[in-house]
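Visitor: So that you have it, the file is input-v6.tsv, and it contains TSV, C-alpha atoms and all ligand atoms:
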chain	number	residue	atom	x	y	z
L	249	MET	CA	161.72	55.83	-26.33
L	250	LYS	CA	160.06	53.40	-23.93
L	251	TYR	CA	156.31	54.08	-24.15
L	252	CYS	CA	153.82	54.59	-26.97
L	253	SER	CA	152.89	58.27	-27.28
L	254	THR	CA	149.52	57.26	-28.74
L	255	CYS	CA	148.24	54.79	-26.09
L	256	GLY	CA	150.81	54.77	-23.25
L	257	HIS	CA	151.71	51.07	-23.48
L	258	LEU	CA	155.28	49.79	-23.87
L	259	VAL	CA	157.08	49.88	-27.23
L	260	GLU	CA	159.49	47.24	-28.51
L	261	GLN	CA	162.14	47.45	-31.23
L	262	ARG	CA	161.43	45.25	-34.24
L	263	ILE	CA	161.40	45.31	-38.04
L	264	PRO	CA	157.82	45.92	-39.20
L	265	GLU	CA	156.47	43.88	-42.12
L	266	GLY	CA	157.62	45.33	-45.45
L	267	ASP	CA	160.33	47.40	-43.73
L	268	ASN	CA	164.07	46.68	-43.42
L	269	ARG	CA	164.92	48.65	-40.28
L	270	HIS	CA	164.28	48.31	-36.59
L	271	ARG	CA	161.56	50.68	-35.42
L	272	TYR	CA	159.85	51.39	-32.13
L	273	VAL	CA	156.51	49.58	-32.38
L	274	CYS	CA	153.76	49.64	-29.73
L	275	VAL	CA	153.03	46.19	-28.30
L	276	SER	CA	149.39	47.19	-27.80
L	277	CYS	CA	148.15	49.48	-30.61
L	278	GLU	CA	150.89	48.52	-33.14
L	279	THR	CA	151.69	52.14	-33.97
L	280	ILE	CA	155.14	52.43	-35.58
L	281	HIS	CA	157.07	55.38	-34.14
L	282	TYR	CA	159.52	56.50	-36.84
L	283	GLN	CA	162.50	58.63	-35.92
L	284	ASN	CA	163.96	61.03	-38.47
L	285	PRO	CA	166.71	63.63	-38.79
L	286	ARG	CA	166.04	67.17	-37.66
L	287	ILE	CA	166.78	70.35	-39.60
L	288	VAL	CA	168.77	73.24	-38.13
L	289	ALA	CA	168.33	76.45	-40.15
L	290	GLY	CA	170.09	79.78	-40.08
L	291	THR	CA	171.53	82.65	-42.08
L	292	VAL	CA	174.92	84.12	-42.85
L	293	PRO	CA	173.72	87.69	-42.20
L	294	ILE	CA	175.83	90.39	-43.85
L	295	TRP	CA	175.87	94.14	-43.31
L	296	GLN	CA	178.41	96.38	-45.02
L	297	GLY	CA	180.87	93.54	-45.52
L	298	LYS	CA	180.61	92.26	-41.95
L	299	ILE	CA	178.97	89.12	-40.55
L	300	LEU	CA	176.47	89.28	-37.71
L	301	LEU	CA	176.93	86.62	-35.02
L	302	CYS	CA	175.12	85.98	-31.73
L	303	ARG	CA	176.70	84.74	-28.51
L	304	ARG	CA	174.50	81.97	-27.12
L	305	ALA	CA	172.74	82.54	-23.80
L	306	ILE	CA	171.56	78.91	-23.75
L	307	GLU	CA	173.04	75.43	-23.59
L	308	PRO	CA	174.51	73.65	-25.40
L	309	ARG	CA	177.56	75.83	-26.18
L	310	TYR	CA	176.59	78.66	-23.85
L	311	GLY	CA	178.77	81.70	-24.58
L	312	TYR	CA	179.80	80.59	-28.08
L	313	TRP	CA	178.98	82.43	-31.32
L	314	THR	CA	176.26	81.09	-33.55
L	315	THR	CA	173.72	81.88	-36.23
L	316	SER	CA	171.15	79.04	-36.38
L	317	SER	CA	168.68	76.82	-34.49
L	318	PHE	CA	166.06	74.08	-34.96
L	319	MET	CA	163.45	74.45	-37.67
L	320	GLU	CA	159.85	74.31	-36.42
L	321	ASN	CA	156.77	72.65	-37.86
L	322	ALA	CA	154.56	74.67	-40.24
L	323	GLU	CA	157.35	76.88	-41.58
L	324	THR	CA	159.62	76.73	-44.63
L	325	THR	CA	163.41	76.51	-44.39
L	326	ILE	CA	163.64	80.16	-45.48
L	327	GLU	CA	161.07	81.19	-42.88
L	328	ALA	CA	163.00	79.22	-40.25
L	329	ALA	CA	166.25	80.96	-41.17
L	330	GLU	CA	164.57	84.40	-41.09
L	331	ARG	CA	162.88	83.62	-37.76
L	332	GLU	CA	166.10	82.44	-36.11
L	333	THR	CA	167.83	85.65	-37.19
L	334	ARG	CA	164.92	87.70	-35.87
L	335	GLU	CA	164.74	85.86	-32.55
L	336	GLU	CA	168.48	85.58	-31.83
L	337	ALA	CA	169.71	88.84	-33.36
L	338	LEU	CA	166.56	91.03	-33.49
L	339	ALA	CA	167.45	91.59	-37.15
L	340	GLU	CA	165.31	91.55	-40.27
L	341	VAL	CA	167.03	90.14	-43.36
L	342	ASP	CA	166.59	89.75	-47.09
L	343	ILE	CA	167.43	86.18	-48.14
L	344	GLU	CA	169.96	86.16	-51.02
L	345	GLY	CA	169.99	82.42	-51.66
L	346	LEU	CA	170.66	78.97	-50.26
L	347	TYR	CA	174.28	78.73	-49.22
L	348	SER	CA	175.17	75.48	-47.45
L	349	ILE	CA	173.69	72.15	-46.47
L	350	ILE	CA	175.84	70.38	-43.91
L	351	ASP	CA	174.75	66.85	-43.02
L	352	VAL	CA	175.69	65.66	-39.54
L	353	PRO	CA	174.58	62.02	-39.63
L	354	HIS	CA	175.99	60.89	-36.29
L	355	ILE	CA	173.61	63.24	-34.50
L	356	ASN	CA	170.77	62.93	-37.03
L	357	GLN	CA	170.82	66.56	-38.12
L	358	VAL	CA	170.88	68.51	-41.38
L	359	HIS	CA	172.05	72.13	-41.08
L	360	MET	CA	170.96	74.61	-43.76
L	361	PHE	CA	172.29	78.14	-44.10
L	362	TYR	CA	171.00	80.94	-46.34
L	363	ARG	CA	173.03	83.99	-47.36
L	364	ALA	CA	171.22	87.11	-46.16
L	365	THR	CA	171.58	90.87	-45.96
L	366	LEU	CA	170.35	92.95	-43.03
L	367	LYS	CA	167.43	95.10	-44.14
L	368	ASN	CA	168.48	98.24	-42.28
L	369	GLY	CA	171.56	97.48	-40.19
L	370	GLU	CA	169.59	97.23	-36.95
L	371	PHE	CA	170.21	94.34	-34.57
L	372	GLY	CA	170.35	93.47	-30.89
L	373	ALA	CA	170.51	90.58	-28.44
L	374	GLY	CA	167.41	88.37	-28.46
L	375	GLU	CA	166.33	86.30	-25.47
L	376	GLU	CA	168.62	83.42	-26.41
L	377	SER	CA	171.67	85.67	-26.96
L	378	LEU	CA	174.12	87.28	-24.54
L	379	GLU	CA	175.21	89.75	-27.20
L	380	THR	CA	175.12	90.27	-30.96
L	381	GLN	CA	178.00	91.74	-32.91
L	382	LEU	CA	179.14	92.49	-36.48
L	383	PHE	CA	182.50	90.89	-37.25
L	384	ALA	CA	184.85	91.92	-40.05
L	385	LEU	CA	185.78	88.83	-42.09
L	386	ASP	CA	189.32	89.00	-40.67
L	387	ASP	CA	188.02	89.07	-37.09
L	388	ILE	CA	185.71	86.05	-36.97
L	389	PRO	CA	186.10	84.38	-33.54
L	390	TRP	CA	187.11	80.99	-34.98
L	391	ASN	CA	187.92	79.48	-31.59
L	392	GLU	CA	184.63	80.53	-30.06
L	393	LEU	CA	182.14	79.35	-32.70
L	394	SER	CA	179.24	77.27	-31.43
L	395	PHE	CA	179.15	74.30	-33.80
L	396	PRO	CA	181.33	72.70	-36.50
L	397	THR	CA	178.59	73.42	-39.06
L	398	VAL	CA	178.85	77.16	-38.38
L	399	ARG	CA	182.64	77.00	-38.72
L	400	LYS	CA	182.41	75.03	-41.98
L	401	THR	CA	179.85	77.44	-43.42
L	402	LEU	CA	181.87	80.53	-42.50
L	403	GLU	CA	185.06	78.94	-43.93
L	404	LEU	CA	183.23	78.32	-47.22
L	405	PHE	CA	181.80	81.83	-47.12
L	406	LEU	CA	185.23	83.45	-46.74
L	407	GLU	CA	186.60	81.48	-49.69
L	408	ASP	CA	183.62	82.45	-51.86
L	409	PHE	CA	183.80	86.08	-50.69
L	410	ARG	CA	187.40	86.29	-51.91
L	411	LYS	CA	186.36	84.78	-55.26
L	412	GLU	CA	183.30	87.06	-55.38
L	413	SER	CA	181.26	84.02	-56.38
L	414	TYR	CA	178.85	82.19	-54.09
L	415	GLY	CA	177.99	78.58	-54.81
L	416	VAL	CA	175.65	76.21	-53.01
L	417	HIS	CA	177.69	73.82	-50.89
L	418	VAL	CA	176.62	70.34	-49.80
L	419	GLN	CA	178.99	68.84	-47.26
L	420	ASP	CA	178.96	66.55	-44.29
L	421	ILE	CA	180.65	66.40	-40.91
L	422	ARG	CA	180.87	62.83	-39.73
L	423	HIS	CA	183.04	62.89	-36.66
L	424	PRO	CA	181.81	64.01	-33.26
L	425	MET	CA	183.04	67.37	-32.01
L	426	SER	CA	186.64	67.01	-30.93
L	427	PRO	CA	187.20	67.19	-27.14
L	428	SER	CA	189.13	70.47	-27.55
L	429	ALA	CA	186.12	72.03	-29.24
L	430	ARG	CA	183.86	71.20	-26.32
L	431	ARG	CA	183.28	73.56	-23.47
L	432	ASP	CA	181.21	71.28	-21.25
U	184	MET	CA	150.55	62.74	-28.96
U	185	LYS	CA	148.82	61.82	-25.71
U	186	TYR	CA	151.42	60.01	-23.59
U	187	CYS	CA	155.06	60.63	-22.67
U	188	SER	CA	157.34	58.27	-24.62
U	189	THR	CA	159.88	58.47	-21.78
U	190	CYS	CA	157.73	57.60	-18.74
U	191	GLY	CA	154.25	56.71	-20.05
U	192	HIS	CA	152.34	59.44	-18.16
U	193	LEU	CA	150.03	61.94	-19.85
U	194	VAL	CA	151.40	64.94	-21.74
U	195	GLU	CA	149.82	68.38	-21.84
U	196	GLN	CA	150.27	71.24	-24.30
U	197	ARG	CA	151.90	74.31	-22.79
U	198	ILE	CA	154.62	76.89	-23.46
U	199	PRO	CA	157.75	75.85	-21.56
U	200	GLU	CA	159.75	78.50	-19.70
U	201	GLY	CA	162.01	80.42	-22.09
U	202	ASP	CA	160.09	79.15	-25.12
U	203	ASN	CA	157.42	80.91	-27.18
U	204	ARG	CA	155.52	77.95	-28.62
U	205	HIS	CA	153.15	75.32	-27.31
U	206	ARG	CA	154.91	71.98	-26.83
U	207	TYR	CA	153.87	68.59	-25.56
U	208	VAL	CA	155.23	68.44	-22.00
U	209	CYS	CA	154.98	65.44	-19.68
U	210	VAL	CA	152.95	66.18	-16.54
U	211	SER	CA	155.12	63.74	-14.56
U	212	CYS	CA	158.77	63.81	-15.77
U	213	GLU	CA	158.55	67.26	-17.46
U	214	THR	CA	160.19	66.01	-20.67
U	215	ILE	CA	159.46	68.38	-23.57
U	216	HIS	CA	158.55	66.44	-26.71
U	217	TYR	CA	159.51	68.66	-29.67
U	218	GLN	CA	158.01	67.99	-33.08
U	219	ASN	CA	159.95	68.96	-36.19
U	220	PRO	CA	159.64	68.77	-39.98
U	221	ARG	CA	160.72	65.61	-41.76
U	222	ILE	CA	162.95	65.39	-44.82
U	223	VAL	CA	161.97	63.49	-47.95
U	224	ALA	CA	164.95	62.81	-50.22
U	225	GLY	CA	165.27	61.51	-53.75
U	226	THR	CA	167.01	61.80	-57.08
U	227	VAL	CA	166.17	62.86	-60.60
U	228	PRO	CA	167.89	59.80	-62.13
U	229	ILE	CA	168.93	60.20	-65.77
U	230	TRP	CA	170.07	57.64	-68.30
U	231	GLN	CA	170.73	58.55	-71.93
U	232	GLY	CA	168.46	61.59	-71.78
U	233	LYS	CA	165.58	59.77	-70.07
U	234	ILE	CA	164.25	59.98	-66.50
U	235	LEU	CA	163.81	56.88	-64.36
U	236	LEU	CA	160.56	56.79	-62.39
U	237	CYS	CA	159.04	54.15	-60.09
U	238	ARG	CA	155.36	53.30	-59.77
U	239	ARG	CA	154.53	53.07	-56.06
U	240	ALA	CA	153.45	49.70	-54.65
U	241	ILE	CA	152.60	51.33	-51.30
U	242	GLU	CA	150.21	53.88	-49.90
U	243	PRO	CA	149.89	56.80	-50.03
U	244	ARG	CA	149.56	57.32	-53.78
U	245	TYR	CA	149.64	53.62	-54.66
U	246	GLY	CA	150.13	53.23	-58.43
U	247	TYR	CA	151.53	56.73	-58.99
U	248	TRP	CA	155.03	57.55	-60.26
U	249	THR	CA	157.63	58.77	-57.83
U	250	THR	CA	161.31	59.11	-57.06
U	251	SER	CA	161.74	59.84	-53.31
U	252	SER	CA	160.95	58.80	-49.74
U	253	PHE	CA	161.66	59.68	-46.09
U	254	MET	CA	165.23	60.25	-44.98
U	255	GLU	CA	166.39	57.98	-42.15
U	256	ASN	CA	168.51	58.69	-39.09
U	257	ALA	CA	172.30	58.23	-39.34
U	258	GLU	CA	172.53	59.02	-43.07
U	259	THR	CA	173.29	62.15	-45.08
U	260	THR	CA	170.82	63.69	-47.53
U	261	ILE	CA	172.95	62.37	-50.42
U	262	GLU	CA	173.06	58.88	-48.89
U	263	ALA	CA	169.28	59.03	-48.41
U	264	ALA	CA	168.75	59.99	-52.06
U	265	GLU	CA	171.08	57.21	-53.25
U	266	ARG	CA	169.42	54.66	-50.94
U	267	GLU	CA	165.92	55.53	-52.10
U	268	THR	CA	166.97	55.11	-55.71
U	269	ARG	CA	168.60	51.78	-54.87
U	270	GLU	CA	165.60	50.50	-52.89
U	271	GLU	CA	162.83	51.71	-55.19
U	272	ALA	CA	164.51	51.34	-58.58
U	273	LEU	CA	167.35	48.83	-57.91
U	274	ALA	CA	169.61	51.41	-59.56
U	275	GLU	CA	173.04	52.71	-58.57
U	276	VAL	CA	173.62	56.40	-59.32
U	277	ASP	CA	176.33	59.02	-59.41
U	278	ILE	CA	175.09	62.20	-57.72
U	279	GLU	CA	175.62	65.25	-59.97
U	280	GLY	CA	174.50	67.93	-57.53
U	281	LEU	CA	171.72	69.27	-55.37
U	282	TYR	CA	168.78	70.19	-57.54
U	283	SER	CA	165.68	71.25	-55.60
U	284	ILE	CA	164.48	71.94	-52.09
U	285	ILE	CA	160.71	72.11	-51.92
U	286	ASP	CA	159.25	73.12	-48.56
U	287	VAL	CA	155.77	71.81	-47.80
U	288	PRO	CA	154.99	73.57	-44.52
U	289	HIS	CA	151.35	72.50	-44.13
U	290	ILE	CA	152.45	68.88	-43.78
U	291	ASN	CA	155.77	69.66	-42.01
U	292	GLN	CA	157.99	68.28	-44.76
U	293	VAL	CA	161.06	69.40	-46.72
U	294	HIS	CA	161.66	67.55	-49.99
U	295	MET	CA	165.19	67.48	-51.41
U	296	PHE	CA	166.11	66.17	-54.85
U	297	TYR	CA	169.58	65.54	-56.27
U	298	ARG	CA	170.38	65.27	-59.98
U	299	ALA	CA	171.89	61.86	-60.66
U	300	THR	CA	173.08	59.64	-63.49
U	301	LEU	CA	172.61	55.87	-63.56
U	302	LYS	CA	175.96	54.17	-63.19
U	303	ASN	CA	175.35	51.43	-65.79
U	304	GLY	CA	171.78	51.73	-67.04
U	305	GLU	CA	170.56	48.82	-64.93
U	306	PHE	CA	167.34	49.13	-62.94
U	307	GLY	CA	164.34	47.17	-61.80
U	308	ALA	CA	161.34	47.23	-59.48
U	309	GLY	CA	162.24	47.27	-55.78
U	310	GLU	CA	159.92	45.98	-53.07
U	311	GLU	CA	158.06	49.28	-52.84
U	312	SER	CA	157.59	49.59	-56.62
U	313	LEU	CA	155.13	47.98	-59.03
U	314	GLU	CA	157.39	48.81	-61.97
U	315	THR	CA	160.27	51.08	-62.92
U	316	GLN	CA	160.58	52.75	-66.30
U	317	LEU	CA	162.71	55.23	-68.26
U	318	PHE	CA	160.64	58.09	-69.63
U	319	ALA	CA	161.65	60.40	-72.46
U	320	LEU	CA	161.25	64.01	-71.35
U	321	ASP	CA	158.25	64.39	-73.67
U	322	ASP	CA	156.55	61.35	-72.20
U	323	ILE	CA	156.57	62.10	-68.46
U	324	PRO	CA	153.25	60.87	-66.98
U	325	TRP	CA	152.26	64.28	-65.60
U	326	ASN	CA	148.80	63.17	-64.52
U	327	GLU	CA	150.09	60.14	-62.68
U	328	LEU	CA	152.88	61.64	-60.59
U	329	SER	CA	152.83	60.79	-56.89
U	330	PHE	CA	153.32	64.15	-55.20
U	331	PRO	CA	153.28	67.86	-56.09
U	332	THR	CA	156.96	68.08	-55.10
U	333	VAL	CA	157.88	65.51	-57.76
U	334	ARG	CA	155.85	67.39	-60.36
U	335	LYS	CA	157.45	70.71	-59.41
U	336	THR	CA	160.94	69.23	-59.53
U	337	LEU	CA	160.40	67.62	-62.93
U	338	GLU	CA	158.89	70.86	-64.30
U	339	LEU	CA	162.00	72.76	-63.17
U	340	PHE	CA	164.21	70.01	-64.59
U	341	LEU	CA	162.62	70.20	-68.04
U	342	GLU	CA	163.07	73.97	-68.14
U	343	ASP	CA	166.73	73.68	-67.12
U	344	PHE	CA	167.31	70.79	-69.53
U	345	ARG	CA	166.15	72.98	-72.43
U	346	LYS	CA	168.47	75.76	-71.24
U	347	GLU	CA	171.28	73.23	-70.68
U	348	SER	CA	171.92	74.90	-67.34
U	349	TYR	CA	170.96	73.42	-63.98
U	350	GLY	CA	170.48	75.71	-61.00
U	351	VAL	CA	169.60	74.88	-57.41
U	352	HIS	CA	165.94	75.67	-56.80
U	353	VAL	CA	164.36	76.53	-53.46
U	354	GLN	CA	160.59	76.63	-53.64
U	355	ASP	CA	157.57	75.91	-51.53
U	356	ILE	CA	154.16	74.36	-52.01
U	357	ARG	CA	151.72	75.74	-49.49
U	358	HIS	CA	148.33	74.47	-50.52
U	359	PRO	CA	147.14	70.95	-49.78
U	360	MET	CA	146.88	68.55	-52.69
U	361	SER	CA	143.77	69.40	-54.67
U	362	PRO	CA	140.96	66.83	-54.40
U	363	SER	CA	141.36	65.97	-58.08
U	364	ALA	CA	144.98	65.04	-57.47
U	365	ARG	CA	144.02	62.58	-54.76
U	366	ARG	CA	143.38	58.96	-55.51
U	367	ASP	CA	142.17	57.87	-52.10
J	501	ZN	ZN	150.27	52.25	-28.55
J	502	ZN	ZN	157.22	61.64	-18.82
Rewrite the structure from the file as structure tokens, please.
Ligand SMILES: [Zn+2]
Ligand SMILES: [Zn+2]
Guide:
Amino acid sequence: MKYCSTCGHLVEQRIPEGDNRHRYVCVSCETIHYQNPRIVAGTVPIWQGKILLCRRAIEPRYGYWTTSSFMENAETTIEAAERETREEALAEVDIEGLYSIIDVPHINQVHMFYRATLKNGEFGAGEESLETQLFALDDIPWNELSFPTVRKTLELFLEDFRKESYGVHVQDIRHPMSPSARRD
Amino acid sequence: MKYCSTCGHLVEQRIPEGDNRHRYVCVSCETIHYQNPRIVAGTVPIWQGKILLCRRAIEPRYGYWTTSSFMENAETTIEAAERETREEALAEVDIEGLYSIIDVPHINQVHMFYRATLKNGEFGAGEESLETQLFALDDIPWNELSFPTVRKTLELFLEDFRKESYGVHVQDIRHPMSPSARRD
């Protein structure tokens, strides 16, 4: 950030009065421009014991399998998760419950996944997907998953599936993606 | 938003290629300025069967009782909840588990509360608090709580406390604060 989005003048980094952190502050209109973590929301969408995944048609991680995207303003986390599933997989789901919250502090993101069941087994490839496919739990493409948060959530899900008991999991991933996990 | 924070030129609202929503887009450098919900994090801090609340020394809701604030970049939701409790109430806590997620879509916020126990019973008034006080569950100042999300979370907590069983609650509050609940 270099310019004030309110008045167009330059911003500087300083600690505002009564605060204890550096913020971008406009040198002209004094507006403080806070920066905050973003939420990524998605589902673990199940149909007849299989998990629905979408192969990304967009960067980053083009060609890798995913199930989530950024939450938008004016929606709830559940609505965001339902919308992502509708847009990416052309599938309508019933939300079963919150499943995982994975904090990723080094990139200022919080990923939230809800367990969900397809309403009628119908799905397809949305505009942001190359293809959409149901995977048996033994056939999950572990080496072609889009993000560490998806991998972590599916690992937890498999454990819970075997125990036939689904908790709510709060975890974090602090390291950057390993070089071997990167495509680009 | 009126100006591009990257180059200082004007932004316009339009739907970028491949998107389906209006975004602020710079007319000069074409940067898309996404806007996303913000997370508010806090604890329900317990000590010997009582709840610790802080009376706000800042706007909005100056003088009302609260227990949360905005999550910052580069921290996890648990770290944010611990930090808020430290800053507002000068109290160190052990996090017991995620308790509530309250979506507030009309103001683009997601509030997250963790159940917590004071480490040693010590607390005080931080810079953003007028005072900090332990309340018996029968004495919660319902008419002087800061935000509907705090009220909702404490209502759920009391129910669960009576049942001696704490779930994880996902709820939303869709209406604006009623005029009678506003101080300013
Ligand atoms: Zn300005
Ligand atoms: Zn620009």
Visitor: Please find the residues contacting ligand ZN 502 (chain J) at a distance of at most 7 Å between atoms, with all atoms listed in the file counted, and report them as a list in words.
Guide: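 If we count all atoms listed in the file, the neighbours of ligand ZN 502 (chain J) turn out to be Cys187, Ser188, Thr189, Cys190, Gly191, His192, Cys209, Val210, Ser211, Cys212, Glu213 and Thr214 of chain U.
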Visitor: Expressed in Å to a single decimal, how great is the separation between atom CA of U:Leu337 and atom CA of L:Asn321?
Guide: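 Distance reported for this atom pair: 25.8 Å.
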Visitor: Box along x, y and z, 4 Å on every side, all listed atoms of stretch 251-263 of chain U inside: centre and edge lengths in Å to one decimal, as AutoDock Vina command-line options.
Guide:
--center_x 167.1 --center_y 60.8 --center_z -46.2 --size_x 20.3 --size_y 13.7 --size_z 22.2
Visitor: Do a neighbour search on stretch 204-207 of chain U at 9 Å with only C-alpha atoms, toss out local chain neighbours closer than 4 positions, and write the hits as a ChimeraX atom specification.
Guide: /U:184-185,187,194-199,214-218
Visitor: Would you save the residues from that selection as a compact mmCIF listing (two decimals), keeping the file's coordinate frame, using C-alpha atoms?
Guide:
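The file below, result-v8.txt, is the result:
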# COMPACT_ATOMS: atom_id res chain seq x y z
CA MET U 184 150.55 62.74 -28.96
CA LYS U 185 148.82 61.82 -25.71
CA CYS U 187 155.06 60.63 -22.67
CA VAL U 194 151.40 64.94 -21.74
CA GLU U 195 149.82 68.38 -21.84
CA GLN U 196 150.27 71.24 -24.30
CA ARG U 197 151.90 74.31 -22.79
CA ILE U 198 154.62 76.89 -23.46
CA PRO U 199 157.75 75.85 -21.56
CA THR U 214 160.19 66.01 -20.67
CA ILE U 215 159.46 68.38 -23.57
CA HIS U 216 158.55 66.44 -26.71
CA TYR U 217 159.51 68.66 -29.67
CA GLN U 218 158.01 67.99 -33.08
Visitor: Do you know which residues are at most 7 Å from stretch 331-345 of chain L counting all atoms listed in the file, after dropping those on the same chain fewer than 4 positions away, and could you put them as a list of chain:residue names?
Guide: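 The residues satisfying every condition are L:Gly290, L:Thr291, L:Cys302, L:Ser316, L:Ser317, L:Glu327, L:Tyr362, L:Arg363, L:Ala364, L:Thr365, L:Leu366, L:Lys367, L:Glu370, L:Phe371, L:Gly372, L:Ala373, L:Gly374, L:Glu375, L:Glu376, L:Ser377, L:Thr380.
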Visitor: Between atom CA of U:Val223 and atom CA of U:Pro243, what distance in Å does the model show, to one decimal?
Guide: 14.0 Å
Visitor: To one decimal in Å, tell me the separation between atom CA of L:Arg309 and atom CA of L:Glu379.
Guide: 14.2 Å
Visitor: Could you tell me which of L:Val273, L:Glu265, L:Ala289, L:Thr325 comes closest to ligand ZN 501 (chain J) if we count only C-alpha atoms and all ligand atoms?
Guide: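 Among the listed residues, the smallest separation from ligand ZN 501 (chain J) belongs to L:Val273.
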Visitor: List every protein, DNA or RNA residue that has at least one atom no more than 8 Å from (177.3, 60.2, -40.7) in the file's coordinates, counting all atoms listed in the file, and write the result as an MDAnalysis selection string.
Guide: (chainID L and resid 351:356 420:423) or (chainID U and resid 257:259)
Visitor: My list of candidates is L:Leu393, L:Val292, L:Leu382, L:Ala328. Which is closest to chain U when distances are computed with all atoms listed in the file?
Guide: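 Using all atoms listed in the file, chain U sits closest to L:Ala328.
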Visitor: Given only C-alpha atoms and all ligand atoms as the basis, pick out the residue of L:Ala384, L:Phe409, L:Trp295, L:Leu258 nearest to ligand ZN 501 (chain J).
Guide: L:Leu258
Visitor: Using all atoms listed in the file, which of L:His417, L:Lys400, L:Lys298, L:Arg410 sits nearest chain U?
Guide: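 Under the stated criterion, the closest residue is L:His417.
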Visitor: Compare U:Trp248, U:Tyr282, U:Ile229, U:Phe340 by their minimum atom-to-atom distance to chain L, counting all atoms listed in the file, and give me the closest one.
Guide: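 Using all atoms listed in the file, chain L sits closest to U:Tyr282.
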Visitor: Between U:Val333, U:Ile234, U:Tyr245, U:Val351, which has the minimum distance to chain L (counting all atoms listed in the file)?
Guide: U:Val351
Visitor: Could you rebuild stretch 227-241 of chain U with N, CA and C atoms and give it back as a PDB file, keeping the file's coordinate frame?
Guide:
ATOM      1  N   VAL U 227     166.694  62.827 -59.225  1.00  0.00           N
ATOM      2  CA  VAL U 227     166.170  62.860 -60.600  1.00  0.00           C
ATOM      3  C   VAL U 227     167.179  62.028 -61.386  1.00  0.00           C
ATOM      4  N   PRO U 228     166.884  60.717 -61.582  1.00  0.00           N
ATOM      5  CA  PRO U 228     167.890  59.800 -62.130  1.00  0.00           C
ATOM      6  C   PRO U 228     167.796  59.737 -63.656  1.00  0.00           C
ATOM      7  N   ILE U 229     168.904  60.072 -64.307  1.00  0.00           N
ATOM      8  CA  ILE U 229     168.930  60.200 -65.770  1.00  0.00           C
ATOM      9  C   ILE U 229     169.764  59.090 -66.385  1.00  0.00           C
ATOM     10  N   TRP U 230     169.282  58.583 -67.517  1.00  0.00           N
ATOM     11  CA  TRP U 230     170.070  57.640 -68.300  1.00  0.00           C
ATOM     12  C   TRP U 230     169.800  57.897 -69.767  1.00  0.00           C
ATOM     13  N   GLN U 231     170.829  58.284 -70.496  1.00  0.00           N
ATOM     14  CA  GLN U 231     170.730  58.550 -71.930  1.00  0.00           C
ATOM     15  C   GLN U 231     169.553  59.472 -72.261  1.00  0.00           C
ATOM     16  N   GLY U 232     169.463  60.557 -71.501  1.00  0.00           N
ATOM     17  CA  GLY U 232     168.460  61.590 -71.780  1.00  0.00           C
ATOM     18  C   GLY U 232     167.058  61.266 -71.287  1.00  0.00           C
ATOM     19  N   LYS U 233     166.907  60.117 -70.606  1.00  0.00           N
ATOM     20  CA  LYS U 233     165.580  59.770 -70.070  1.00  0.00           C
ATOM     21  C   LYS U 233     165.600  59.780 -68.548  1.00  0.00           C
ATOM     22  N   ILE U 234     164.388  59.932 -67.962  1.00  0.00           N
ATOM     23  CA  ILE U 234     164.250  59.980 -66.500  1.00  0.00           C
ATOM     24  C   ILE U 234     163.658  58.670 -65.993  1.00  0.00           C
ATOM     25  N   LEU U 235     164.292  58.130 -64.953  1.00  0.00           N
ATOM     26  CA  LEU U 235     163.810  56.880 -64.360  1.00  0.00           C
ATOM     27  C   LEU U 235     162.785  57.183 -63.273  1.00  0.00           C
ATOM     28  N   LEU U 236     161.592  56.622 -63.408  1.00  0.00           N
ATOM     29  CA  LEU U 236     160.560  56.790 -62.390  1.00  0.00           C
ATOM     30  C   LEU U 236     160.067  55.416 -61.920  1.00  0.00           C
ATOM     31  N   CYS U 237     159.542  55.385 -60.686  1.00  0.00           N
ATOM     32  CA  CYS U 237     159.040  54.150 -60.090  1.00  0.00           C
ATOM     33  C   CYS U 237     157.553  54.304 -59.783  1.00  0.00           C
ATOM     34  N   ARG U 238     156.789  53.251 -60.080  1.00  0.00           N
ATOM     35  CA  ARG U 238     155.360  53.300 -59.770  1.00  0.00           C
ATOM     36  C   ARG U 238     155.152  52.681 -58.388  1.00  0.00           C
ATOM     37  N   ARG U 239     154.589  53.447 -57.474  1.00  0.00           N
ATOM     38  CA  ARG U 239     154.530  53.070 -56.060  1.00  0.00           C
ATOM     39  C   ARG U 239     153.648  51.833 -55.833  1.00  0.00           C
ATOM     40  N   ALA U 240     154.201  50.891 -55.054  1.00  0.00           N
ATOM     41  CA  ALA U 240     153.450  49.700 -54.650  1.00  0.00           C
ATOM     42  C   ALA U 240     152.945  49.848 -53.221  1.00  0.00           C
ATOM     43  N   ILE U 241     153.035  51.080 -52.689  1.00  0.00           N
ATOM     44  CA  ILE U 241     152.600  51.330 -51.300  1.00  0.00           C
ATOM     45  C   ILE U 241     151.754  52.585 -51.237  1.00  0.00           C
TER      46      ILE U 241
END
